[in-house]
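Structure file run_16.txt (compact mmCIF, C-alpha atoms and all ligand atoms) is printed below.
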```txt
# COMPACT_ATOMS: atom_id res chain seq x y z
CA MET I 1 -20.03 -35.95 22.06
CA THR I 2 -23.28 -34.11 21.59
CA ALA I 3 -26.70 -35.61 21.20
CA PRO I 4 -27.88 -35.89 17.58
CA GLN I 5 -30.06 -32.94 16.61
CA PRO I 6 -33.55 -33.40 15.17
CA LYS I 7 -33.29 -32.59 11.48
CA ALA I 8 -35.39 -29.73 10.09
CA PRO I 9 -36.57 -29.86 6.45
CA ILE I 10 -34.14 -28.68 3.77
CA ASN I 11 -34.35 -24.99 2.87
CA TRP I 12 -34.21 -25.11 -0.94
CA ILE I 13 -33.76 -21.34 -1.39
CA ALA I 14 -30.62 -21.51 0.77
CA VAL I 15 -29.41 -24.58 -1.12
CA PHE I 16 -29.84 -22.65 -4.37
CA ALA I 17 -28.02 -19.54 -3.11
CA LEU I 18 -25.26 -21.26 -1.15
CA LEU I 19 -24.53 -24.44 -3.12
CA PHE I 20 -25.99 -24.09 -6.62
CA LEU I 21 -24.64 -20.58 -7.34
CA PRO I 22 -21.01 -21.53 -6.48
CA LEU I 23 -21.42 -24.53 -8.79
CA VAL I 24 -22.58 -22.25 -11.60
CA ALA I 25 -19.61 -19.95 -10.89
CA ILE I 26 -17.08 -22.79 -11.07
CA ILE I 27 -18.33 -23.69 -14.54
CA ALA I 28 -19.27 -20.28 -15.95
CA ILE I 29 -16.29 -18.15 -14.86
CA PRO I 30 -13.47 -20.16 -16.50
CA LEU I 31 -15.61 -20.76 -19.61
CA TYR I 32 -16.37 -17.06 -19.99
CA ALA I 33 -12.77 -16.07 -19.24
CA TYR I 34 -11.56 -18.51 -21.94
CA HIS I 35 -13.85 -17.13 -24.62
CA HIS I 36 -14.11 -13.42 -23.77
CA ASP I 37 -11.71 -12.45 -20.99
CA PHE I 38 -12.78 -10.09 -18.21
CA SER I 39 -12.19 -6.35 -18.40
CA ALA I 40 -10.22 -4.58 -15.67
CA ALA I 41 -13.42 -2.70 -14.81
CA ALA I 42 -15.20 -6.00 -14.11
CA TRP I 43 -12.45 -7.02 -11.69
CA ILE I 44 -12.57 -3.62 -9.97
CA SER I 45 -16.37 -3.86 -9.68
CA MET I 46 -15.90 -7.17 -7.86
CA PHE I 47 -13.63 -5.71 -5.19
CA VAL I 48 -15.56 -2.48 -4.74
CA LEU I 49 -18.91 -4.25 -4.53
CA LEU I 50 -17.45 -6.82 -2.12
CA GLY I 51 -16.65 -3.96 0.26
CA PHE I 52 -20.01 -2.33 -0.40
CA SER I 53 -22.09 -5.42 0.48
CA SER I 54 -19.86 -6.65 3.32
CA LEU I 55 -19.87 -3.29 5.10
CA GLY I 56 -23.67 -3.29 4.84
CA ILE I 57 -23.60 -6.46 6.92
CA THR I 58 -20.89 -5.45 9.40
CA ALA I 59 -21.85 -1.79 10.01
CA GLY I 60 -25.57 -2.25 9.35
CA TYR I 61 -26.96 -5.72 10.06
CA HIS I 62 -24.43 -6.47 12.78
CA ARG I 63 -23.32 -3.40 14.72
CA LEU I 64 -26.34 -1.15 14.11
CA TRP I 65 -29.35 -3.46 14.06
CA ALA I 66 -28.27 -6.59 15.96
CA HIS I 67 -26.31 -4.77 18.70
CA ARG I 68 -27.53 -1.16 18.60
CA ALA I 69 -23.92 -0.11 19.12
CA TYR I 70 -24.74 3.34 17.67
CA GLU I 71 -27.62 5.31 16.20
CA ALA I 72 -27.91 6.15 12.52
CA THR I 73 -29.97 8.78 10.73
CA LEU I 74 -32.66 7.55 8.34
CA PRO I 75 -30.61 8.29 5.18
CA MET I 76 -27.72 6.27 6.59
CA GLN I 77 -30.09 3.45 7.57
CA ILE I 78 -31.51 3.36 4.05
CA VAL I 79 -28.05 3.16 2.49
CA LEU I 80 -26.97 0.43 4.94
CA MET I 81 -30.19 -1.47 4.23
CA ILE I 82 -29.49 -1.36 0.47
CA MET I 83 -25.86 -2.44 1.02
CA GLY I 84 -26.97 -5.29 3.30
CA THR I 85 -29.74 -6.41 0.94
CA PHE I 86 -27.10 -6.62 -1.81
CA ALA I 87 -25.22 -9.15 0.39
CA VAL I 88 -28.22 -11.56 0.26
CA GLN I 89 -28.10 -12.86 3.83
CA ASN I 90 -31.83 -12.79 4.52
CA SER I 91 -33.68 -9.85 6.07
CA ILE I 92 -32.30 -7.58 8.81
CA LEU I 93 -35.01 -8.85 11.18
CA PHE I 94 -34.15 -12.53 10.65
CA TRP I 95 -30.39 -11.94 10.71
CA ALA I 96 -30.26 -9.65 13.76
CA SER I 97 -32.66 -11.72 15.82
CA GLY I 98 -30.70 -14.91 15.10
CA HIS I 99 -27.47 -13.10 15.93
CA ARG I 100 -28.81 -11.94 19.30
CA THR I 101 -29.67 -15.56 20.03
CA HIS I 102 -26.09 -16.51 19.08
CA HIS I 103 -24.69 -14.06 21.64
CA ARG I 104 -27.14 -15.06 24.33
CA HIS I 105 -26.54 -18.80 23.99
CA VAL I 106 -23.07 -18.84 22.46
CA ASP I 107 -21.66 -22.39 21.97
CA ASP I 108 -24.85 -24.03 23.27
CA VAL I 109 -25.58 -26.90 20.88
CA ASP I 110 -29.34 -26.59 21.29
CA HIS I 111 -29.85 -22.83 21.35
CA ASP I 112 -26.95 -21.13 19.57
CA PRO I 113 -28.19 -21.13 15.93
CA TYR I 114 -24.63 -21.60 14.62
CA SER I 115 -22.92 -23.26 17.55
CA ILE I 116 -19.31 -24.14 16.74
CA ASN I 117 -19.74 -27.16 18.98
CA ARG I 118 -21.74 -28.71 16.14
CA GLY I 119 -18.65 -28.53 13.96
CA PHE I 120 -17.03 -26.21 11.41
CA TRP I 121 -19.35 -27.11 8.52
CA PHE I 122 -22.49 -26.58 10.56
CA ALA I 123 -21.37 -23.20 11.99
CA HIS I 124 -20.11 -22.01 8.60
CA ILE I 125 -22.98 -22.89 6.30
CA GLY I 126 -24.81 -26.06 7.36
CA TRP I 127 -27.16 -24.29 9.76
CA MET I 128 -28.72 -22.31 6.91
CA LEU I 129 -29.36 -25.27 4.63
CA ARG I 130 -32.16 -26.52 6.84
CA ASP I 131 -35.20 -24.54 7.83
CA TYR I 132 -33.86 -22.86 10.92
CA LYS I 133 -36.37 -20.43 12.48
CA SER I 134 -34.56 -17.39 13.75
CA GLY I 135 -35.44 -16.49 17.36
CA GLY I 136 -38.54 -18.65 17.04
CA ALA I 137 -41.13 -17.42 14.59
CA ASN I 138 -42.10 -14.46 16.78
CA TYR I 139 -38.85 -12.48 17.08
CA LYS I 140 -39.33 -12.03 20.81
CA ASN I 141 -35.75 -10.81 21.22
CA ALA I 142 -36.19 -7.99 18.70
CA PRO I 143 -39.07 -5.71 19.78
CA ASP I 144 -37.04 -2.68 18.67
CA LEU I 145 -36.73 -4.08 15.15
CA LEU I 146 -40.41 -5.03 15.00
CA ASN I 147 -41.05 -1.32 15.63
CA ASN I 148 -38.62 -0.14 12.98
CA LYS I 149 -40.55 0.71 9.81
CA LEU I 150 -37.54 0.42 7.51
CA VAL I 151 -36.58 -2.99 8.93
CA MET I 152 -40.15 -4.25 8.60
CA PHE I 153 -40.43 -2.89 5.05
CA GLN I 154 -37.27 -4.75 4.05
CA ASP I 155 -38.52 -7.94 5.70
CA LYS I 156 -41.87 -7.74 3.91
CA TYR I 157 -40.50 -7.02 0.43
CA TYR I 158 -37.22 -8.87 0.81
CA VAL I 159 -37.16 -10.86 -2.45
CA PRO I 160 -38.29 -8.01 -4.75
CA LEU I 161 -35.77 -5.76 -2.97
CA VAL I 162 -32.92 -8.23 -3.59
CA ILE I 163 -33.81 -8.29 -7.29
CA ALA I 164 -34.24 -4.51 -7.48
CA VAL I 165 -30.95 -3.79 -5.69
CA HIS I 166 -29.04 -6.16 -7.96
CA ALA I 167 -30.59 -4.71 -11.10
CA GLY I 168 -30.17 -1.13 -9.83
CA ILE I 169 -26.48 -1.60 -9.02
CA LEU I 170 -25.12 -4.12 -11.54
CA LEU I 171 -26.87 -3.05 -14.75
CA PRO I 172 -25.81 0.63 -14.70
CA ILE I 173 -22.23 -0.33 -13.82
CA GLY I 174 -22.11 -2.98 -16.57
CA TRP I 175 -23.55 -0.52 -19.07
CA ALA I 176 -21.23 2.32 -18.02
CA VAL I 177 -18.03 0.26 -18.31
CA GLY I 178 -19.17 -1.58 -21.43
CA ASP I 179 -18.71 -5.08 -19.99
CA MET I 180 -22.19 -6.19 -18.89
CA TRP I 181 -21.45 -9.92 -18.62
CA GLY I 182 -18.11 -9.31 -16.94
CA VAL I 183 -19.73 -7.15 -14.25
CA LEU I 184 -22.65 -9.57 -13.81
CA LEU I 185 -20.29 -12.52 -13.36
CA LEU I 186 -17.51 -10.92 -11.27
CA GLY I 187 -19.27 -8.00 -9.56
CA GLY I 188 -22.49 -10.00 -9.21
CA LEU I 189 -21.92 -13.73 -8.88
CA VAL I 190 -18.33 -14.10 -7.62
CA ARG I 191 -18.66 -11.07 -5.34
CA LEU I 192 -21.79 -12.57 -3.77
CA ILE I 193 -20.13 -15.92 -3.09
CA LEU I 194 -17.03 -14.24 -1.62
CA SER I 195 -19.08 -11.91 0.58
CA HIS I 196 -21.12 -14.86 1.85
CA HIS I 197 -18.09 -16.83 2.95
CA VAL I 198 -16.39 -13.78 4.42
CA THR I 199 -19.36 -13.35 6.77
CA PHE I 200 -19.66 -17.09 7.44
CA PHE I 201 -16.02 -17.16 8.60
CA ILE I 202 -17.08 -15.03 11.56
CA ASN I 203 -19.36 -17.82 12.74
CA SER I 204 -16.92 -20.63 11.99
CA LEU I 205 -13.20 -19.73 12.03
CA CYS I 206 -13.60 -16.79 14.46
CA HIS I 207 -14.80 -19.38 16.96
CA MET I 208 -11.83 -21.69 16.27
CA TRP I 209 -8.58 -19.89 15.46
CA GLY I 210 -6.91 -17.09 17.35
CA SER I 211 -6.23 -15.78 20.81
CA ARG I 212 -8.49 -15.14 23.76
CA PRO I 213 -7.20 -11.95 25.43
CA TYR I 214 -10.47 -10.93 27.12
CA THR I 215 -12.38 -14.05 28.09
CA ASP I 216 -12.15 -17.82 27.82
CA GLU I 217 -15.74 -18.39 28.79
CA ASN I 218 -16.74 -18.95 25.17
CA THR I 219 -15.04 -20.12 21.97
CA ALA I 220 -14.77 -16.67 20.31
CA ARG I 221 -11.24 -15.66 19.18
CA ASP I 222 -9.33 -12.57 18.16
CA ASN I 223 -7.61 -13.10 14.84
CA PHE I 224 -5.86 -10.37 12.86
CA ILE I 225 -5.84 -12.31 9.56
CA LEU I 226 -9.57 -12.92 9.84
CA ALA I 227 -10.08 -9.25 10.73
CA ILE I 228 -8.59 -8.37 7.34
CA ALA I 229 -10.95 -10.75 5.56
CA THR I 230 -14.02 -9.72 7.58
CA TRP I 231 -13.79 -5.91 7.58
CA GLY I 232 -12.73 -5.82 11.22
CA GLU I 233 -15.03 -8.47 12.67
CA GLY I 234 -12.11 -10.81 13.35
CA TYR I 235 -11.64 -9.41 16.85
CA HIS I 236 -14.41 -11.71 17.91
CA ASN I 237 -13.18 -12.50 21.43
CA TYR I 238 -13.49 -8.82 22.35
CA HIS I 239 -16.82 -8.65 20.58
CA HIS I 240 -18.32 -11.53 22.55
CA ILE I 241 -17.46 -10.03 25.92
CA PHE I 242 -18.40 -6.44 25.03
CA GLN I 243 -20.97 -6.82 22.26
CA TYR I 244 -22.41 -3.30 22.57
CA ASP I 245 -19.15 -1.57 21.70
CA TYR I 246 -19.26 -0.13 18.16
CA ARG I 247 -15.63 -1.21 17.83
CA ASN I 248 -14.55 -4.84 17.44
CA GLY I 249 -10.87 -4.01 17.10
CA VAL I 250 -10.89 -1.87 20.21
CA LYS I 251 -7.24 -0.77 20.18
CA TRP I 252 -6.63 2.26 17.97
CA TRP I 253 -4.13 0.32 15.86
CA GLN I 254 -6.31 -2.72 15.27
CA TYR I 255 -7.57 -3.17 11.69
CA ASP I 256 -11.30 -2.50 11.85
CA PRO I 257 -12.59 -0.63 8.77
CA THR I 258 -16.17 -0.99 10.02
CA LYS I 259 -15.29 1.01 13.14
CA TRP I 260 -13.57 3.66 10.99
CA LEU I 261 -16.63 3.88 8.75
CA ILE I 262 -19.01 4.35 11.70
CA TRP I 263 -16.68 6.89 13.31
CA THR I 264 -16.39 8.84 10.04
CA CYS I 265 -20.19 8.81 9.64
CA SER I 266 -20.51 10.19 13.17
CA LYS I 267 -18.18 13.07 12.23
CA LEU I 268 -20.37 13.72 9.18
CA GLY I 269 -23.48 13.88 11.35
CA LEU I 270 -24.93 10.63 9.98
CA ALA I 271 -24.40 8.56 13.13
CA LYS I 272 -24.40 9.37 16.84
CA ASN I 273 -24.20 7.91 20.34
CA LEU I 274 -21.38 5.51 19.47
CA ARG I 275 -21.14 3.13 22.41
CA ARG I 276 -17.72 2.50 23.94
CA ILE I 277 -16.97 0.22 26.87
CA PRO I 278 -14.95 2.21 29.47
CA SER I 279 -11.25 1.45 29.03
CA PHE I 280 -11.09 0.53 32.71
CA ASN I 281 -13.46 -2.43 32.20
CA ILE I 282 -11.52 -3.54 29.14
CA LYS I 283 -8.20 -3.47 30.98
CA LYS I 284 -9.76 -5.31 33.91
CA ALA I 285 -10.90 -8.17 31.67
CA GLU I 286 -7.54 -8.28 29.91
CA LEU I 287 -5.56 -8.38 33.15
CA ALA I 288 -7.78 -11.06 34.66
CA MET I 289 -7.03 -13.23 31.61
CA LYS I 290 -3.29 -12.52 31.89
CA PHE I 291 -3.34 -13.76 35.46
CA LYS I 292 -5.20 -16.84 34.33
CA TYR I 293 -2.60 -17.55 31.63
CA ALA I 294 0.27 -17.00 34.08
CA GLU I 295 -1.35 -19.50 36.40
CA GLN I 296 -1.75 -22.00 33.56
CA ASP I 297 1.94 -21.60 32.58
CA LEU I 298 3.00 -22.27 36.12
CA ALA I 299 0.72 -25.27 36.41
CA VAL I 300 2.56 -26.79 33.43
CA TYR I 301 5.87 -26.41 35.26
CA GLY I 302 4.56 -28.24 38.29
CA LEU I 303 4.69 -27.23 41.91
CA ASN I 304 7.87 -25.71 43.31
CA VAL I 305 10.16 -27.17 40.70
CA ASN I 306 12.93 -25.17 42.31
CA ASP I 307 13.20 -22.28 44.76
CA ASP I 308 13.54 -19.54 42.15
CA VAL I 309 10.41 -20.61 40.30
CA ALA I 310 8.54 -20.93 43.58
CA GLN I 311 9.57 -17.38 44.43
CA VAL I 312 8.23 -15.92 41.20
CA LYS I 313 5.09 -17.93 41.70
CA SER I 314 4.45 -16.41 45.09
CA LYS I 315 5.15 -12.95 43.65
CA ILE I 316 2.45 -13.52 41.02
CA ALA I 317 0.08 -14.74 43.73
CA LEU I 318 0.69 -11.56 45.75
CA GLU I 319 0.21 -9.48 42.66
CA TYR I 320 -3.09 -11.22 42.05
CA ASP I 321 -4.30 -10.63 45.62
CA ALA I 322 -3.51 -6.94 45.29
CA PHE I 323 -5.34 -6.83 41.96
CA THR I 324 -8.45 -8.46 43.47
CA ASN I 325 -8.37 -6.09 46.45
CA THR I 326 -8.15 -3.07 44.19
CA LEU I 327 -11.08 -4.34 42.17
CA ASN I 328 -13.10 -4.86 45.35
CA ASP I 329 -12.34 -1.32 46.52
CA TRP I 330 -13.36 -0.01 43.15
CA ALA I 331 -16.60 -2.02 43.19
CA LYS I 332 -17.42 -0.65 46.66
CA LEU I 333 -16.88 2.89 45.48
CA LYS I 334 -19.11 2.27 42.46
CA GLU I 335 -21.77 0.93 44.81
CA GLN I 336 -21.48 4.11 46.89
CA GLU I 337 -21.88 6.15 43.74
CA ILE I 338 -25.13 4.38 42.92
CA GLN I 339 -26.38 4.76 46.51
CA ALA I 340 -25.40 8.34 47.11
CA LYS I 341 -25.27 9.82 43.64
CA LYS I 342 -23.14 12.55 45.13
CA THR I 343 -20.90 14.54 42.87
CA ALA I 344 -18.08 14.20 45.39
CA VAL I 345 -18.14 10.42 45.01
CA ALA I 346 -18.34 10.68 41.25
CA GLU I 347 -15.25 12.86 41.30
CA LYS I 348 -13.48 10.34 43.52
CA ILE I 349 -14.37 7.54 41.10
CA HIS I 350 -13.05 9.50 38.22
CA GLN I 351 -9.74 10.03 39.99
CA MET I 352 -9.59 6.39 40.95
CA ASP I 353 -10.27 5.26 37.38
CA ASP I 354 -7.24 7.21 36.23
CA LYS I 355 -5.10 5.94 39.08
CA LEU I 356 -6.15 2.36 38.42
CA LYS I 357 -5.44 2.58 34.73
CA LEU I 358 -1.85 3.46 35.57
CA GLU I 359 -1.67 0.84 38.29
CA PHE I 360 -3.00 -1.85 35.95
CA GLN I 361 -0.40 -0.96 33.37
CA GLN I 362 2.32 -1.46 35.96
CA VAL I 363 0.81 -4.75 37.12
CA GLU I 364 0.71 -5.88 33.51
CA GLN I 365 4.39 -5.06 33.03
CA ARG I 366 5.42 -6.82 36.24
CA LEU I 367 3.31 -9.84 35.32
CA SER I 368 4.95 -10.22 31.93
CA GLN I 369 8.38 -9.85 33.60
CA HIS I 370 7.48 -12.61 36.07
CA ARG I 371 6.35 -14.86 33.25
CA GLU I 372 9.55 -14.20 31.33
CA THR I 373 11.61 -15.01 34.42
CA VAL I 374 9.78 -18.30 34.83
CA THR I 375 10.39 -19.20 31.19
CA THR I 376 14.11 -18.40 31.49
CA LEU I 377 14.40 -20.32 34.74
CA MET I 378 12.70 -23.33 33.19
CA ARG I 379 14.91 -23.15 30.12
CA ASN I 380 18.00 -23.18 32.35
CA ILE I 381 16.69 -26.12 34.32
CA LYS I 382 16.05 -28.05 31.11
CA LYS I 383 19.49 -27.16 29.71
CA LYS I 384 21.10 -28.34 32.89
CA ALA I 385 19.16 -31.58 32.75
CA VAL I 386 20.27 -32.19 29.16
CA SER I 387 23.95 -31.46 29.85
CA GLU I 388 23.95 -33.73 32.87
ZN ZN I 401 -19.76 -15.30 17.56
ZN ZN I 402 -22.28 -9.80 17.33
```
Structure encoded using structure tokens:
Amino acid sequence: MTAPQPKAPINWIAVFALLFLPLVAIIAIPLYAYHHDFSAAAWISMFVLLGFSSLGITAGYHRLWAHRAYEATLPMQIVLMIMGTFAVQNSILFWASGHRTHHRHVDDVDHDPYSINRGFWFAHIGWMLRDYKSGGANYKNAPDLLNNKLVMFQDKYYVPLVIAVHAGILLPIGWAVGDMWGVLLLGGLVRLILSHHVTFFINSLCHMWGSRPYTDENTARDNFILAIATWGEGYHNYHHIFQYDYRNGVKWWQYDPTKWLIWTCSKLGLAKNLRRIPSFNIKKAELAMKFKYAEQDLAVYGLNVNDDVAQVKSKIALEYDAFTNTLNDWAKLKEQEIQAKKTAVAEKIHQMDDKLKLEFQQVEQRLSQHRETVTTLMRNIKKKAVSE
């Protein structure tokens, strides 16, 4: 149990946007549909604008401004700012500063602004309904953003910008397709509510459901289904261990449209210096977790349940020792590189990185074989017990 938190005053603007608007939608949408029906264009505007505003948050607010995972040219920044403003999630400065605090103090009930340890409702939406001050009032964790003219401009004129962006996007579309109310209701209202909850899922469900392939030191999870809903942000376990990577779905096959968008922009000359964590570090984290899981499996089966299981267990232990030794060697070499800065050492490191990648792959295969063997052995033991 956690200590009760002191309650801040209610933030009425947030209550209006997050509770009142959905209420309006629940009443207005069916009523309008009953009397007028929505045009196909209005439905299409909803889906297109959902992508438009959500990607402004994921590629702009999140990966560009909160994490500086890449650099964007001014035109790209302006477009991302407009897209993000259309998502109505407060200013870049407020959002990014609060998000940095989330990463720094993840799960901490007192300091993580949307700590999952205060419950699903709080992490999803509750934290915004009271007057939470992002990063304190002074934005100490965002000096780069305080120096960014575009970010500061958006912060200063946030409310007029929200109105201008909505008018500038929705009215021309509504006029062009000849269904003004349809576009305002579906492309405007319903799209806004959907895009809100899509982002909020990252703070709530992505800290509850899914796997932890890279770290179990925090509650963040990888979840493919949530990645579909959140434009690639569902690989949240990876993101929490390597937050500066411009990719959240780090494997080439993982569904991460935000990463594809940033990559495409870099090919078009709009973005540069995309940050990638070296694959060696990623594999290292992944393997360390696999060993941890193997150990947990074996702990469930108890100590030396029979000779065969004990044998596999000792094999895994040996494998783990070798893995730790290799990592130590590698760390020593890295240290030498820093000390000496000699090209010869750098070359050696490069060779070793390649060698280790291969070695880690083999360790991974052997480890999964060992775990399979244990499972089969245990199944046989149980079968035998039942038949006896
Ligand atoms: Zn998180
Ligand atoms: Zn993040």
- Message: When you look at I:Asp144 with a cut-off of 10 Å (counting all atoms listed in the file), what residues show up, excluding the ones that are within fewer than 6 positions of it in the same chain? I need them as a count of residues only.
- Response: 5
Using all atoms listed in the file, what table do you get, as CSV, when you list each residue of chain I with an atom no more than 9 Å from ligand ZN 402 (chain I), its nearest pair of atoms, and their distance in Å rounded to one decimal, rows by chain then rising number?
```
residue,atom,partner,partner_atom,distance
I:His62,CA,I:ZN402,ZN,6.0
I:Arg63,CA,I:ZN402,ZN,7.0
I:Ala66,CA,I:ZN402,ZN,6.9
I:His67,CA,I:ZN402,ZN,6.6
I:Ala96,CA,I:ZN402,ZN,8.7
I:His99,CA,I:ZN402,ZN,6.3
I:Arg100,CA,I:ZN402,ZN,7.1
I:His102,CA,I:ZN402,ZN,7.9
I:His103,CA,I:ZN402,ZN,6.5
I:Glu233,CA,I:ZN402,ZN,8.7
I:His236,CA,I:ZN402,ZN,8.1
I:His239,CA,I:ZN402,ZN,6.5
I:His240,CA,I:ZN402,ZN,6.8
I:Gln243,CA,I:ZN402,ZN,5.9
I:Tyr244,CA,I:ZN402,ZN,8.4
```
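Comparing I:Leu274, I:Thr264, I:Leu327, I:Gly249 by their smallest distance to I:Lys357, the closest is I:Leu327 (using all atoms listed in the file).
Here the question is which of I:Pro278, I:Gly126, I:Gly188, I:Gly51 gets nearest to I:Val15 using all atoms listed in the file, and that residue is I:Gly126.
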- Taking all atoms listed in the file into account, which of I:Thr58, I:Ser39, I:Asn203, I:Thr101 comes nearest ligand ZN 401 (chain I)?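 Checking each candidate against ligand ZN 401 (chain I), we get I:Asn203 as the closest.
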- Message: Env of I:Arg191: 8 Å cut, atoms = only C-alpha atoms, seq-sep filter 4 positions within chain, self excluded. Answer as an MDAnalysis selection string.
- Response: chainID I and resid 46:47 49:50 186:187 195
Set the cut-off to 12 Å, count only C-alpha atoms and all ligand atoms, and list whatever residues fall near ligand ZN 401 (chain I) as a tab-separated table (two decimals) with C-alpha atoms, keeping the file's coordinate frame.
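Once everything was written out, this is selection.tsv:
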```tsv
chain	number	residue	atom	x	y	z
I	62	HIS	CA	-24.43	-6.47	12.78
I	98	GLY	CA	-30.70	-14.91	15.10
I	99	HIS	CA	-27.47	-13.10	15.93
I	100	ARG	CA	-28.81	-11.94	19.30
I	101	THR	CA	-29.67	-15.56	20.03
I	102	HIS	CA	-26.09	-16.51	19.08
I	103	HIS	CA	-24.69	-14.06	21.64
I	104	ARG	CA	-27.14	-15.06	24.33
I	105	HIS	CA	-26.54	-18.80	23.99
I	106	VAL	CA	-23.07	-18.84	22.46
I	107	ASP	CA	-21.66	-22.39	21.97
I	108	ASP	CA	-24.85	-24.03	23.27
I	112	ASP	CA	-26.95	-21.13	19.57
I	113	PRO	CA	-28.19	-21.13	15.93
I	114	TYR	CA	-24.63	-21.60	14.62
I	115	SER	CA	-22.92	-23.26	17.55
I	116	ILE	CA	-19.31	-24.14	16.74
I	117	ASN	CA	-19.74	-27.16	18.98
I	123	ALA	CA	-21.37	-23.20	11.99
I	124	HIS	CA	-20.11	-22.01	8.60
I	199	THR	CA	-19.36	-13.35	6.77
I	200	PHE	CA	-19.66	-17.09	7.44
I	201	PHE	CA	-16.02	-17.16	8.60
I	202	ILE	CA	-17.08	-15.03	11.56
I	203	ASN	CA	-19.36	-17.82	12.74
I	204	SER	CA	-16.92	-20.63	11.99
I	205	LEU	CA	-13.20	-19.73	12.03
I	206	CYS	CA	-13.60	-16.79	14.46
I	207	HIS	CA	-14.80	-19.38	16.96
I	208	MET	CA	-11.83	-21.69	16.27
I	218	ASN	CA	-16.74	-18.95	25.17
I	219	THR	CA	-15.04	-20.12	21.97
I	220	ALA	CA	-14.77	-16.67	20.31
I	221	ARG	CA	-11.24	-15.66	19.18
I	222	ASP	CA	-9.33	-12.57	18.16
I	233	GLU	CA	-15.03	-8.47	12.67
I	234	GLY	CA	-12.11	-10.81	13.35
I	235	TYR	CA	-11.64	-9.41	16.85
I	236	HIS	CA	-14.41	-11.71	17.91
I	237	ASN	CA	-13.18	-12.50	21.43
I	238	TYR	CA	-13.49	-8.82	22.35
I	239	HIS	CA	-16.82	-8.65	20.58
I	240	HIS	CA	-18.32	-11.53	22.55
I	241	ILE	CA	-17.46	-10.03	25.92
I	242	PHE	CA	-18.40	-6.44	25.03
I	243	GLN	CA	-20.97	-6.82	22.26
I	248	ASN	CA	-14.55	-4.84	17.44
```
Check which residues of stretch 31-88 of chain I sit at most 12 Å from stretch 18-26 of chain I using all atoms listed in the file, and return one row each with the closest pair of atoms and their distance in Å to one decimal, ordered by chain and rising number, as a Markdown table.
```
| residue | atom | partner | partner_atom | distance |
| --- | --- | --- | --- | --- |
| I:Leu31 | CA | I:Ile26 | CA | 8.9 |
| I:Tyr32 | CA | I:Ala25 | CA | 10.1 |
| I:Ala33 | CA | I:Ile26 | CA | 11.4 |
| I:Val88 | CA | I:Leu18 | CA | 10.2 |
```
- Query: Which residue gives the smallest distance to I:Leu287 among I:Val198, I:Ile338, I:Met180, I:Val363, with only C-alpha atoms counted?
  - Reply: I:Val363
- As a check of understanding: the span from atom CA of I:Leu184 to atom CA of I:Ala42 is 8.3 Å
- For each of I:Thr215, I:Gln154, I:Ser53, I:Ser279, take the minimum atom-to-atom distance to I:Tyr293, counting all atoms listed in the file, then give the residue where this is smallest.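 Among the listed residues, the smallest separation from I:Tyr293 belongs to I:Thr215.
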- Message: Which residues are close to I:Cys265, i.e. within 12 Å by only C-alpha atoms, leaving aside same-chain residues fewer than 2 positions away? Reply as a list in words.
- Response: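 Listed by chain and then number, they are Ala59, Tyr70, Glu71, Ala72, Thr73, Pro75, Met76, Gln77, Leu80, Thr258, Lys259, Trp260, Leu261, Ile262, Trp263, Lys267, Leu268, Gly269, Leu270, Ala271, Lys272, Asn273 and Leu274 of chain I.
Atom CA of I:His350 lies 13.0 Å from atom CA of I:Ala331.
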- What separation in Å, quoted to one decimal, exists between atom CA of I:Phe120 and atom CA of I:Tyr61? 22.8 Å
